[in-house]
Structure formats: structure tokens, C-alpha cells
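Asks: So here's protein-v1.json, just JSON, C-alpha atoms:
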[["chain", "number", "residue", "atom", "x", "y", "z"],
["A", 19, "MET", "CA", 252.75, 47.53, 11.64],
["A", 20, "ARG", "CA", 250.10, 44.97, 12.60],
["A", 21, "LEU", "CA", 250.01, 43.39, 16.05],
["A", 22, "ARG", "CA", 248.29, 40.13, 16.96],
["A", 23, "ILE", "CA", 246.74, 40.16, 20.43],
["A", 24, "ASP", "CA", 245.69, 36.89, 22.12],
["A", 25, "LEU", "CA", 243.42, 37.38, 25.11],
["A", 26, "ALA", "CA", 240.70, 36.00, 27.37],
["A", 27, "TYR", "CA", 237.76, 37.51, 29.21],
["A", 28, "ASP", "CA", 234.87, 36.77, 31.52],
["A", 29, "GLY", "CA", 231.92, 38.06, 29.50],
["A", 30, "GLY", "CA", 229.46, 38.23, 32.39],
["A", 31, "ALA", "CA", 229.79, 41.98, 32.94],
["A", 32, "PHE", "CA", 230.17, 42.99, 29.28],
["A", 33, "TYR", "CA", 227.62, 43.92, 26.64],
["A", 34, "GLY", "CA", 229.48, 41.73, 24.18],
["A", 35, "TRP", "CA", 232.72, 42.36, 22.29],
["A", 36, "ALA", "CA", 231.79, 45.23, 19.97],
["A", 37, "ARG", "CA", 232.19, 48.84, 21.09],
["A", 38, "GLN", "CA", 228.86, 50.51, 21.89],
["A", 39, "PRO", "CA", 228.21, 54.05, 23.14],
["A", 40, "HIS", "CA", 227.69, 54.26, 26.93],
["A", 41, "LEU", "CA", 227.91, 50.46, 27.39],
["A", 42, "ARG", "CA", 230.76, 48.40, 28.83],
["A", 43, "THR", "CA", 232.20, 46.14, 26.10],
["A", 44, "VAL", "CA", 235.43, 44.17, 25.72],
["A", 45, "GLN", "CA", 236.53, 46.14, 22.66],
["A", 46, "GLY", "CA", 235.69, 49.41, 24.38],
["A", 47, "GLU", "CA", 237.72, 48.55, 27.49],
["A", 48, "ILE", "CA", 240.80, 47.43, 25.53],
["A", 49, "GLU", "CA", 240.74, 50.36, 23.11],
["A", 50, "SER", "CA", 240.35, 52.78, 26.03],
["A", 51, "ALA", "CA", 243.34, 51.12, 27.73],
["A", 52, "LEU", "CA", 245.37, 51.40, 24.53],
["A", 53, "HIS", "CA", 244.68, 55.13, 24.31],
["A", 54, "THR", "CA", 245.72, 55.49, 27.95],
["A", 55, "VAL", "CA", 249.04, 53.63, 27.76],
["A", 56, "LEU", "CA", 249.96, 55.16, 24.39],
["A", 57, "ARG", "CA", 248.91, 58.65, 25.53],
["A", 58, "ILE", "CA", 246.60, 59.25, 22.56],
["A", 59, "PRO", "CA", 243.31, 61.08, 23.12],
["A", 60, "ASP", "CA", 240.23, 58.98, 22.34],
["A", 61, "ASP", "CA", 239.11, 61.53, 19.75],
["A", 62, "ASP", "CA", 242.44, 61.68, 17.88],
["A", 63, "ILE", "CA", 241.32, 60.74, 14.36],
["A", 64, "ALA", "CA", 244.91, 60.81, 13.11],
["A", 65, "ASN", "CA", 245.80, 57.84, 15.34],
["A", 66, "PRO", "CA", 242.75, 55.56, 15.53],
["A", 67, "LEU", "CA", 243.37, 52.55, 17.74],
["A", 68, "ARG", "CA", 240.73, 50.11, 16.53],
["A", 69, "LEU", "CA", 240.73, 46.35, 17.03],
["A", 70, "THR", "CA", 239.61, 43.73, 14.51],
["A", 71, "VAL", "CA", 238.50, 40.53, 16.21],
["A", 72, "ALA", "CA", 238.25, 36.88, 15.18],
["A", 73, "GLY", "CA", 234.74, 36.44, 16.60],
["A", 74, "ARG", "CA", 232.41, 39.13, 17.92],
["A", 75, "THR", "CA", 231.00, 37.47, 21.02],
["A", 76, "ASP", "CA", 227.54, 38.49, 22.27],
["A", 77, "THR", "CA", 226.51, 39.95, 25.61],
["A", 78, "GLY", "CA", 227.46, 37.57, 28.43],
["A", 79, "VAL", "CA", 229.56, 35.21, 26.29],
["A", 80, "HIS", "CA", 233.07, 34.36, 27.51],
["A", 81, "ALA", "CA", 236.38, 33.72, 25.76],
["A", 82, "SER", "CA", 239.25, 31.61, 27.05],
["A", 83, "HIS", "CA", 241.20, 32.36, 23.86],
["A", 84, "GLN", "CA", 240.15, 35.22, 21.60],
["A", 85, "VAL", "CA", 242.33, 36.80, 18.88],
["A", 86, "CYS", "CA", 242.31, 40.35, 17.50],
["A", 87, "HIS", "CA", 244.66, 42.58, 15.57],
["A", 88, "LEU", "CA", 245.70, 46.22, 15.82],
["A", 89, "ASP", "CA", 247.33, 48.38, 13.16],
["A", 90, "ILE", "CA", 249.74, 50.88, 14.71],
["A", 91, "GLU", "CA", 252.59, 53.15, 13.66],
["A", 92, "PRO", "CA", 255.95, 51.93, 15.07],
["A", 93, "HIS", "CA", 256.76, 55.29, 16.68],
["A", 94, "VAL", "CA", 253.38, 55.26, 18.45],
["A", 95, "LEU", "CA", 254.06, 51.77, 19.78],
["A", 96, "ASP", "CA", 257.53, 52.75, 21.01],
["A", 97, "SER", "CA", 256.08, 55.69, 22.92],
["A", 98, "CYS", "CA", 254.97, 53.34, 25.71],
["A", 99, "ILE", "CA", 258.50, 52.05, 26.41],
["A", 100, "GLY", "CA", 259.47, 54.90, 28.75],
["A", 101, "HIS", "CA", 262.26, 53.76, 31.07],
["A", 102, "MET", "CA", 261.63, 50.05, 30.47],
["A", 103, "GLN", "CA", 264.51, 48.07, 28.99],
["A", 104, "VAL", "CA", 262.32, 46.15, 26.55],
["A", 105, "ASN", "CA", 260.94, 46.60, 23.03],
["A", 106, "GLY", "CA", 257.65, 48.31, 22.22],
["A", 107, "ILE", "CA", 255.60, 45.11, 22.03],
["A", 108, "ALA", "CA", 256.78, 43.84, 25.42],
["A", 109, "ALA", "CA", 256.21, 47.30, 26.93],
["A", 110, "LEU", "CA", 252.68, 47.44, 25.53],
["A", 111, "ARG", "CA", 251.79, 44.03, 26.96],
["A", 112, "HIS", "CA", 253.20, 44.98, 30.37],
["A", 113, "ARG", "CA", 251.34, 48.28, 30.52],
["A", 114, "LEU", "CA", 248.05, 46.88, 29.22],
["A", 115, "THR", "CA", 248.13, 44.11, 31.81],
["A", 116, "HIS", "CA", 248.34, 46.70, 34.57],
["A", 117, "VAL", "CA", 245.63, 48.98, 33.14],
["A", 118, "LEU", "CA", 242.97, 46.51, 32.00],
["A", 119, "PRO", "CA", 240.24, 45.36, 34.43],
["A", 120, "ASN", "CA", 240.64, 41.93, 35.99],
["A", 121, "ASP", "CA", 237.94, 40.35, 33.80],
["A", 122, "ILE", "CA", 240.22, 40.73, 30.75],
["A", 123, "ALA", "CA", 243.59, 38.95, 30.46],
["A", 124, "ILE", "CA", 246.23, 39.38, 27.76],
["A", 125, "HIS", "CA", 247.81, 36.05, 26.80],
["A", 126, "ASN", "CA", 250.29, 37.44, 24.30],
["A", 127, "ILE", "CA", 251.06, 40.29, 21.90],
["A", 128, "SER", "CA", 253.21, 39.65, 18.83],
["A", 129, "ARG", "CA", 253.99, 41.18, 15.47],
["A", 130, "ALA", "CA", 251.56, 39.67, 12.99],
["A", 131, "PRO", "CA", 252.99, 37.96, 9.90],
["A", 132, "ASP", "CA", 252.28, 39.42, 6.46],
["A", 133, "GLY", "CA", 248.71, 38.77, 5.33],
["A", 134, "PHE", "CA", 247.35, 38.13, 8.82],
["A", 135, "ASP", "CA", 243.78, 39.25, 9.49],
["A", 136, "ALA", "CA", 242.33, 38.15, 12.85],
["A", 137, "ARG", "CA", 238.86, 37.76, 11.36],
["A", 138, "PHE", "CA", 239.25, 36.70, 7.76],
["A", 139, "SER", "CA", 242.43, 34.61, 8.01],
["A", 140, "ALA", "CA", 240.93, 32.26, 10.61],
["A", 141, "LEU", "CA", 240.41, 28.66, 9.53],
["A", 142, "GLU", "CA", 238.00, 27.74, 12.30],
["A", 143, "ARG", "CA", 236.61, 28.72, 15.69],
["A", 144, "THR", "CA", 235.83, 26.36, 18.58],
["A", 145, "TYR", "CA", 233.04, 27.09, 21.06],
["A", 146, "VAL", "CA", 232.01, 25.05, 24.11],
["A", 147, "TYR", "CA", 228.64, 25.36, 25.85],
["A", 148, "ARG", "CA", 228.47, 23.96, 29.40],
["A", 149, "ILE", "CA", 225.32, 22.80, 31.20],
["A", 150, "ALA", "CA", 224.77, 21.40, 34.68],
["A", 151, "ASP", "CA", 221.60, 19.31, 34.49],
["A", 152, "ALA", "CA", 219.75, 17.51, 37.29],
["A", 153, "THR", "CA", 222.28, 14.66, 37.34],
["A", 154, "SER", "CA", 225.32, 16.90, 37.93],
["A", 155, "VAL", "CA", 226.48, 19.20, 40.69],
["A", 156, "ILE", "CA", 227.88, 22.55, 39.59],
["A", 157, "ASP", "CA", 231.18, 23.63, 41.12],
["A", 158, "PRO", "CA", 230.41, 27.12, 42.49],
["A", 159, "ARG", "CA", 233.66, 28.39, 40.96],
["A", 160, "MET", "CA", 232.15, 27.60, 37.53],
["A", 161, "ARG", "CA", 228.79, 29.28, 38.16],
["A", 162, "GLY", "CA", 229.55, 32.23, 35.87],
["A", 163, "CYS", "CA", 230.22, 30.09, 32.80],
["A", 164, "VAL", "CA", 227.74, 27.22, 33.20],
["A", 165, "LEU", "CA", 223.97, 27.11, 32.67],
["A", 166, "ALA", "CA", 222.27, 25.24, 35.54],
["A", 167, "VAL", "CA", 218.95, 23.52, 34.77],
["A", 168, "ASP", "CA", 216.69, 21.41, 37.02],
["A", 169, "TYR", "CA", 215.93, 18.63, 34.53],
["A", 170, "SER", "CA", 217.86, 15.69, 33.10],
["A", 171, "LEU", "CA", 219.02, 15.61, 29.48],
["A", 172, "ASP", "CA", 219.32, 12.67, 27.08],
["A", 173, "VAL", "CA", 222.86, 13.01, 25.71],
["A", 174, "ASP", "CA", 222.36, 10.34, 23.03],
["A", 175, "ALA", "CA", 219.34, 12.16, 21.57],
["A", 176, "MET", "CA", 221.21, 15.45, 21.66],
["A", 177, "ASN", "CA", 224.10, 13.90, 19.79],
["A", 178, "GLN", "CA", 221.75, 12.64, 17.09],
["A", 179, "ALA", "CA", 220.66, 16.25, 16.59],
["A", 180, "ALA", "CA", 224.21, 17.62, 16.73],
["A", 181, "ALA", "CA", 225.37, 15.16, 14.06],
["A", 182, "LEU", "CA", 222.91, 16.71, 11.58],
["A", 183, "THR", "CA", 224.73, 20.05, 11.78],
["A", 184, "VAL", "CA", 228.08, 18.74, 10.49],
["A", 185, "GLY", "CA", 228.89, 19.84, 6.95],
["A", 186, "LEU", "CA", 228.05, 22.84, 4.78],
["A", 187, "HIS", "CA", 224.51, 24.03, 5.57],
["A", 188, "ASP", "CA", 222.32, 27.09, 5.61],
["A", 189, "PHE", "CA", 221.69, 27.71, 9.33],
["A", 190, "GLY", "CA", 218.90, 30.19, 8.69],
["A", 191, "SER", "CA", 216.67, 28.47, 11.28],
["A", 192, "PHE", "CA", 219.26, 29.14, 13.96],
["A", 193, "ALA", "CA", 220.93, 32.43, 13.04],
["A", 194, "THR", "CA", 220.57, 35.85, 11.47],
["A", 195, "PRO", "CA", 222.90, 37.05, 8.71],
["A", 196, "ASN", "CA", 225.03, 40.16, 8.79],
["A", 197, "PRO", "CA", 224.00, 42.84, 6.27],
["A", 198, "GLY", "CA", 224.91, 41.56, 2.83],
["A", 199, "GLY", "CA", 225.92, 38.17, 4.27],
["A", 200, "THR", "CA", 224.42, 34.71, 4.55],
["A", 201, "THR", "CA", 223.80, 32.09, 7.23],
["A", 202, "ILE", "CA", 225.70, 29.43, 5.26],
["A", 203, "ARG", "CA", 228.47, 27.94, 7.37],
["A", 204, "GLU", "CA", 230.57, 24.77, 7.43],
["A", 205, "VAL", "CA", 230.48, 22.89, 10.73],
["A", 206, "LYS", "CA", 233.44, 20.55, 11.08],
["A", 207, "THR", "CA", 232.69, 19.00, 14.48],
["A", 208, "ALA", "CA", 229.67, 19.07, 16.78],
["A", 209, "TYR", "CA", 229.04, 16.76, 19.73],
["A", 210, "TRP", "CA", 227.81, 16.54, 23.31],
["A", 211, "HIS", "CA", 229.60, 14.68, 26.06],
["A", 212, "ARG", "CA", 229.33, 14.39, 29.82],
["A", 213, "VAL", "CA", 232.56, 15.02, 31.66],
["A", 214, "ARG", "CA", 233.57, 12.03, 33.75],
["A", 215, "GLN", "CA", 232.34, 12.32, 37.34],
["A", 216, "GLU", "CA", 235.34, 12.40, 39.64],
["A", 217, "ALA", "CA", 235.02, 11.10, 43.17],
["A", 218, "LEU", "CA", 236.98, 12.70, 45.99],
["A", 219, "THR", "CA", 239.82, 10.78, 47.55],
["A", 220, "GLN", "CA", 239.57, 11.39, 51.26],
["A", 221, "ILE", "CA", 242.35, 13.20, 53.08],
["A", 222, "GLY", "CA", 244.40, 10.64, 54.92],
["A", 223, "ASP", "CA", 243.99, 7.83, 52.39],
["A", 224, "VAL", "CA", 247.35, 6.20, 51.88],
["A", 225, "ASP", "CA", 248.83, 5.01, 48.58],
["A", 226, "SER", "CA", 249.87, 1.40, 49.31],
["A", 227, "SER", "CA", 252.91, 1.59, 47.04],
["A", 228, "THR", "CA", 254.38, 4.86, 48.33],
["A", 229, "LYS", "CA", 252.89, 4.93, 51.86],
["A", 230, "ILE", "CA", 252.13, 8.61, 51.24],
["A", 231, "ALA", "CA", 248.78, 10.16, 52.15],
["A", 232, "THR", "CA", 246.97, 11.31, 49.02],
["A", 233, "TYR", "CA", 244.20, 13.70, 48.09],
["A", 234, "SER", "CA", 242.74, 14.04, 44.60],
["A", 235, "THR", "CA", 240.84, 17.18, 43.61],
["A", 236, "PRO", "CA", 237.97, 16.56, 41.17],
["A", 237, "PHE", "CA", 237.83, 18.40, 37.86],
["A", 238, "MET", "CA", 235.92, 21.68, 38.02],
["A", 239, "GLU", "CA", 233.93, 20.40, 35.02],
["A", 240, "SER", "CA", 233.20, 17.07, 36.65],
["A", 241, "GLY", "CA", 229.73, 15.82, 35.65],
["A", 242, "LEU", "CA", 228.91, 18.72, 33.33],
["A", 243, "LEU", "CA", 227.35, 18.35, 29.89],
["A", 244, "CYS", "CA", 229.52, 20.05, 27.27],
["A", 245, "PHE", "CA", 228.65, 20.87, 23.66],
["A", 246, "THR", "CA", 231.73, 21.34, 21.48],
["A", 247, "ILE", "CA", 231.28, 22.84, 18.03],
["A", 248, "VAL", "CA", 233.96, 23.75, 15.47],
["A", 249, "ALA", "CA", 233.17, 25.69, 12.30],
["A", 250, "ASP", "CA", 234.91, 27.91, 9.79],
["A", 251, "ALA", "CA", 232.75, 30.77, 11.11],
["A", 252, "PHE", "CA", 229.49, 31.34, 12.98],
["A", 253, "ALA", "CA", 226.51, 33.54, 12.20],
["A", 254, "HIS", "CA", 224.86, 35.71, 14.86],
["A", 255, "ASN", "CA", 223.26, 33.63, 17.67],
["A", 256, "MET", "CA", 224.02, 30.41, 15.77],
["A", 257, "VAL", "CA", 225.70, 28.41, 18.54],
["A", 258, "ARG", "CA", 223.25, 29.32, 21.31],
["A", 259, "SER", "CA", 220.27, 28.62, 19.06],
["A", 260, "LEU", "CA", 221.66, 25.21, 18.11],
["A", 261, "VAL", "CA", 222.23, 24.46, 21.79],
["A", 262, "ASN", "CA", 218.66, 25.47, 22.64],
["A", 263, "ALA", "CA", 217.28, 23.20, 19.92],
["A", 264, "CYS", "CA", 219.44, 20.30, 21.10],
["A", 265, "VAL", "CA", 218.25, 20.84, 24.68],
["A", 266, "LYS", "CA", 214.61, 20.66, 23.55],
["A", 267, "VAL", "CA", 215.42, 17.29, 21.96],
["A", 268, "GLY", "CA", 217.30, 16.20, 25.09],
["A", 269, "GLN", "CA", 214.27, 17.08, 27.25],
["A", 270, "GLY", "CA", 211.95, 15.10, 24.99],
["A", 271, "LYS", "CA", 209.95, 18.23, 24.09],
["A", 272, "LYS", "CA", 210.99, 17.90, 20.44],
["A", 273, "ASP", "CA", 212.09, 14.90, 18.37],
["A", 274, "ILE", "CA", 214.94, 14.40, 15.95],
["A", 275, "GLU", "CA", 212.59, 14.78, 12.98],
["A", 276, "TRP", "CA", 211.73, 18.29, 14.16],
["A", 277, "PHE", "CA", 215.43, 19.18, 14.38],
["A", 278, "ALA", "CA", 216.04, 17.72, 10.92],
["A", 279, "SER", "CA", 213.20, 19.82, 9.50],
["A", 280, "LYS", "CA", 214.83, 22.95, 10.96],
["A", 281, "MET", "CA", 218.05, 22.04, 9.19],
["A", 282, "ASP", "CA", 216.22, 21.39, 5.92],
["A", 283, "THR", "CA", 214.12, 24.58, 6.05],
["A", 284, "PRO", "CA", 216.35, 27.52, 7.02],
["A", 285, "VAL", "CA", 213.63, 29.86, 8.27],
["A", 286, "ARG", "CA", 213.83, 31.51, 11.70],
["A", 287, "GLU", "CA", 210.88, 31.03, 14.07],
["A", 288, "GLY", "CA", 210.27, 31.24, 17.78],
["A", 289, "SER", "CA", 211.18, 27.71, 18.87],
["A", 290, "THR", "CA", 214.80, 28.02, 17.71],
["A", 291, "GLY", "CA", 215.86, 31.13, 19.60],
["A", 292, "PRO", "CA", 219.13, 31.37, 21.57],
["A", 293, "ILE", "CA", 219.64, 29.82, 24.99],
["A", 294, "ALA", "CA", 221.20, 31.83, 27.86],
["A", 295, "ALA", "CA", 224.62, 33.31, 27.05],
["A", 296, "CYS", "CA", 226.33, 32.41, 30.34],
["A", 297, "GLY", "CA", 227.20, 28.83, 29.33],
["A", 298, "LEU", "CA", 229.05, 29.74, 26.11],
["A", 299, "THR", "CA", 232.82, 30.19, 25.78],
["A", 300, "LEU", "CA", 235.00, 30.80, 22.72],
["A", 301, "GLU", "CA", 237.81, 28.34, 23.34],
["A", 302, "HIS", "CA", 240.10, 28.52, 20.30],
["A", 303, "VAL", "CA", 240.76, 30.21, 16.95],
["A", 304, "ALA", "CA", 242.91, 28.36, 14.41],
["A", 305, "TYR", "CA", 244.92, 29.92, 11.57],
["A", 306, "PRO", "CA", 246.76, 28.44, 8.58],
["A", 307, "ALA", "CA", 250.50, 28.57, 7.99],
["A", 308, "ASP", "CA", 251.87, 32.09, 7.53],
["A", 309, "ALA", "CA", 252.26, 31.66, 3.76],
["A", 310, "LEU", "CA", 248.51, 30.95, 3.43],
["A", 311, "LEU", "CA", 247.15, 33.77, 5.60],
["A", 312, "ALA", "CA", 246.49, 36.26, 2.79],
["A", 313, "SER", "CA", 244.91, 33.73, 0.42],
["A", 314, "ARG", "CA", 242.66, 32.47, 3.22],
["A", 315, "ALA", "CA", 241.53, 36.01, 4.00],
["A", 316, "ASN", "CA", 240.72, 36.68, 0.34],
["A", 317, "ALA", "CA", 238.80, 33.42, -0.03],
["A", 318, "ILE", "CA", 236.65, 33.85, 3.08],
["A", 319, "ARG", "CA", 235.54, 37.36, 2.05],
["A", 320, "ALA", "CA", 233.62, 35.87, -0.88],
["A", 321, "LYS", "CA", 229.86, 35.53, -0.33],
["A", 322, "ARG", "CA", 229.03, 31.89, 0.33],
["A", 323, "THR", "CA", 226.62, 29.62, -1.50],
["A", 324, "LEU", "CA", 225.61, 26.00, -1.04]]
The structure in this file should be written as C-alpha cells.
Replies:
Amino acid sequence: MRLRIDLAYDGGAFYGWARQPHLRTVQGEIESALHTVLRIPDDDIANPLRLTVAGRTDTGVHASHQVCHLDIEPHVLDSCIGHMQVNGIAALRHRLTHVLPNDIAIHNISRAPDGFDARFSALERTYVYRIADATSVIDPRMRGCVLAVDYSLDVDAMNQAAALTVGLHDFGSFATPNPGGTTIREVKTAYWHRVRQEALTQIGDVDSSTKIATYSTPFMESGLLCFTIVADAFAHNMVRSLVNACVKVGQGKKDIEWFASKMDTPVREGSTGPIAACGLTLEHVAYPADALLASRANAIRAKRTL
């Protein structure tokens, strides 16, 4: 049977999603936990517990909502029930939650519908990159998922650049292809916005209509610059490289014509490398209706062309 696992993680202490020998990764931690709670040795080739993920995040990149799937024999799943009065899926979620480190959280585990593939069935992924520039004050609770810079950024200029990415393009100036793949992707939405600056309401202020003292807590993102990008898929380093290029435009170091030339000529060179990973978070993965999962997976496996 195939299980869908929805999860989140703070990527700061991980060397990305993908399992790597002798390095701490998200996939490595979860698969190790699965072997523990299901009492299967890590080297048991008859019962491989391997995850397939919607988006393989890089070192230092976070996820507030990631999706992966696991193929497992029903009797293996039921082995984790023990004395619990629940089914195998509920037992697995309970046990994983207590075994996993606190920088990984399981949102949900469910039986995947027929045709579901966490990677290939996905319609789109949404990433957000957060920056605190010279005009904003970073909430210290957000320091692990925000890039702080000491200069001001022109949001209008950055949005002119971001608008050029929307549509089907070859992002070869901003990404590297997987073996046998391409850097052609379809961006559906891309824009920068500054989160509204919230002022504190002082303790002891009184609402005139209710005569009740009020206190309003500002948003943790208050004043931050956020880049939201939605695409059917992303090539390696694509989002962070696009952010870096937009930031150069926002600083005035590069103009919009330079950015347009990078879009028109998909060749990688030094000025379009990735920005720091800490500000990037995978926020959402969308899937079609259950009846369309298999056809979507088959379609997306085809090599893309313009």
C-alpha cells in the first residue's frame, strides 16, 4: 500500500532533503525513524523503507508543508500497532511523532489514492523567500528563516524582474538540470510584496466601545519583503538564483534589461548564482483530483520542450 505523508521541517540543521552518507538529512532522519518504529533493520533489503518526495529541498531550505510517499506492506505497517487501539496508519503517525527530532513535524499520514505519486502527480509547488532589508526590523523568532541585509531594496523594480519569469521558459541562466532533464519550467505566479508594518497597541489602551483594555501583537512577518513563486516544478537552485538576480535589480546594481537578457539567453554564469538558503521555505504542494493523479504523473514524466 502507498502512504501519503505531509510534514514540515526547519532546514537549518539539515544537509537538504536527500539521504547522504554520514550527513544529517531530512529523508535520512525520517527513514531511520521508520526503521526504528517498524522494527526493520536499516540493511534489510527485503523491506526497503524509502521515501519519494514532492520537492528535494537543498541544504538549509525549510518546508512548512512538504509531501512524500512511502510504499509499505500492510503487515509491516500493522506491526507498529502494539497495544494501541488504533489502525496501523494512526499508530505509525503517533510513534513517528515521538521518535523524530523536534525540527521535523508530521502534519498527517493517510492512505494515498490510486495513481498518487508525491513527485510526479503534483500540479504546482509554492515557495516563499523572506528578506529583512534596511527598512524592516526582523523578529528574532524568525531569524532562522529570513535573510537579513543592511541595504534597502526597490520592490517595484524587483517586481518588474519577477514578472518576466511568468510563463513557460528555459531557466538555464538560473538553474542546473538533472541528468537527462531540462531547465524548462512553467512559472504561474511570481511577485514581491512587503508585509504591512504593524504598530504595537500599548498595554492599557482601552477600546472605547467595549471599555476593555487591549493589546495587539504584530505579525511575525511585519515589514518583511517576501517573494512568492508558484510553478509546476523547479530546477536545482532555480528559486534562490532568481531571488539573487531580483535583489541585484532591487539594489540598483543591475537593470531590468540585464534580467531580461538572462531570461532570453539561458546560459549559467557567475552573476546569477543562488542567494543564501536560510530565507527559502517550501510552503505548499498542490495535487489534482484523485481521478487525474495517474494521468498527471504520466504527463509530467515526459521531457519538456518550449
Asks: Hey, can you check how far CA of His53 in chain A sits from CA of Leu69 in chain A?
Replies: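 CA of Leu69 in chain A lies 12.1 Å from CA of His53 in chain A.
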Asks: Of the candidates A:Gly34, A:Gly133, A:Gly291, A:Gly185, which shows the shortest atom-to-atom distance to Ala208 in chain A, using all atoms listed in the file?
Replies: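 Under the stated criterion, the closest residue is A:Gly185.
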Asks: Quick one: axis-aligned box around all listed atoms of range 158-170 of chain A, 4 Å on every side, centre and edge lengths in Å to one decimal, written as AutoDock Vina command-line options.
Replies:
--center_x 224.8 --center_y 24.0 --center_z 37.6 --size_x 25.7 --size_y 24.5 --size_z 17.8
Asks: Write out as a list in words the residues lying within 12 Å of Thr153 in chain A, counting only C-alpha atoms and excluding same-chain residues fewer than 5 positions away.
Replies: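 Returned residues: Ala166, Val167, Asp168, Tyr169, Ser170, Leu171, Asp172, Val173, Arg212, Val213, Gln215, Ser240, Gly241, Leu242 and Leu243 of chain A.
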Asks: Rounded to one decimal in Å, what is the spacing between CA of Leu110 in chain A and CA of Ile127 in chain A?
Replies: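 Between CA of Leu110 in chain A and CA of Ile127 in chain A the gap works out to 8.2 Å.
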Asks: With all atoms listed in the file as the basis for distance, which of A:Cys264, A:Ala51, A:Val85, A:Val285 is at the shortest distance from Tyr27 in chain A?
Replies: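 Nearest to Tyr27 in chain A: A:Val85.
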Asks: How close does range 111-203 of chain A get to range 71-76 of chain A? List, as a Markdown table, each residue of range 111-203 of chain A within 10 Å, its nearest atom pair and the distance in Å to one decimal, counting only C-alpha atoms.
Replies:
| residue | atom | partner | partner_atom | distance |
| --- | --- | --- | --- | --- |
| A:Asp135 | CA | A:Ala72 | CA | 8.3 |
| A:Ala136 | CA | A:Ala72 | CA | 4.9 |
| A:Arg137 | CA | A:Ala72 | CA | 4.0 |
| A:Phe138 | CA | A:Ala72 | CA | 7.5 |
| A:Ser139 | CA | A:Ala72 | CA | 8.6 |
| A:Ala140 | CA | A:Ala72 | CA | 7.0 |
| A:Glu142 | CA | A:Ala72 | CA | 9.6 |
| A:Arg143 | CA | A:Gly73 | CA | 8.0 |
Asks: From (250.7, 38.5, 20.0), in the file's coordinates, out to 10 Å: which residues are reached, counting only C-alpha atoms? Answer as an MDAnalysis selection string.
Replies: chainID A and resid 20:25 85:87 107:108 111 124:130
Asks: Please indicate the distance in Å from CA of Leu67 in chain A to CA of His83 in chain A, rounded to one decimal place.
Replies: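 Calculated distance between CA of Leu67 in chain A and CA of His83 in chain A is 21.2 Å.
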Asks: Select, from A:Gly106, A:Pro119, A:Gly268, A:Gly78, the residue with the minimum atom-to-atom distance to Ala295 in chain A, counting all atoms listed in the file.
Replies: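 For Ala295 in chain A, the nearest of the candidates is A:Gly78.
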Asks: Which of these, A:Thr290, A:Thr43, A:Ser191, A:Ser259, has the shortest distance to His80 in chain A once you count all atoms listed in the file?
Replies: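 Residue with the minimum atom-to-atom distance to His80 in chain A: A:Thr43.
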Asks: Contacts of His254 in chain A at 7 Å or less, counting all atoms listed in the file, minus same-chain residues fewer than 4 places along, as a list in words?
Replies: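 The residues that qualify are Ala193, Thr194 and Pro195 of chain A.
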Asks: Using all atoms listed in the file, can you list as an MDAnalysis selection string the residues within 7 Å of (239.2, 33.6, 21.5)?
Replies: chainID A and resid 25:26 81:85 300:303
Asks: Which residue out of A:Ile149, A:Val265, A:Ala31, A:Ala36 has the minimum interatomic distance to Ala179 in chain A when only C-alpha atoms are used?
Replies: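 Closest to Ala179 in chain A, using only C-alpha atoms: A:Val265.
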Asks: Considering all atoms listed in the file, state which residue in the set A:Thr283, A:Thr200, A:Gln45, A:Thr144 is at the smallest distance from Arg319 in chain A.
Replies: A:Thr200
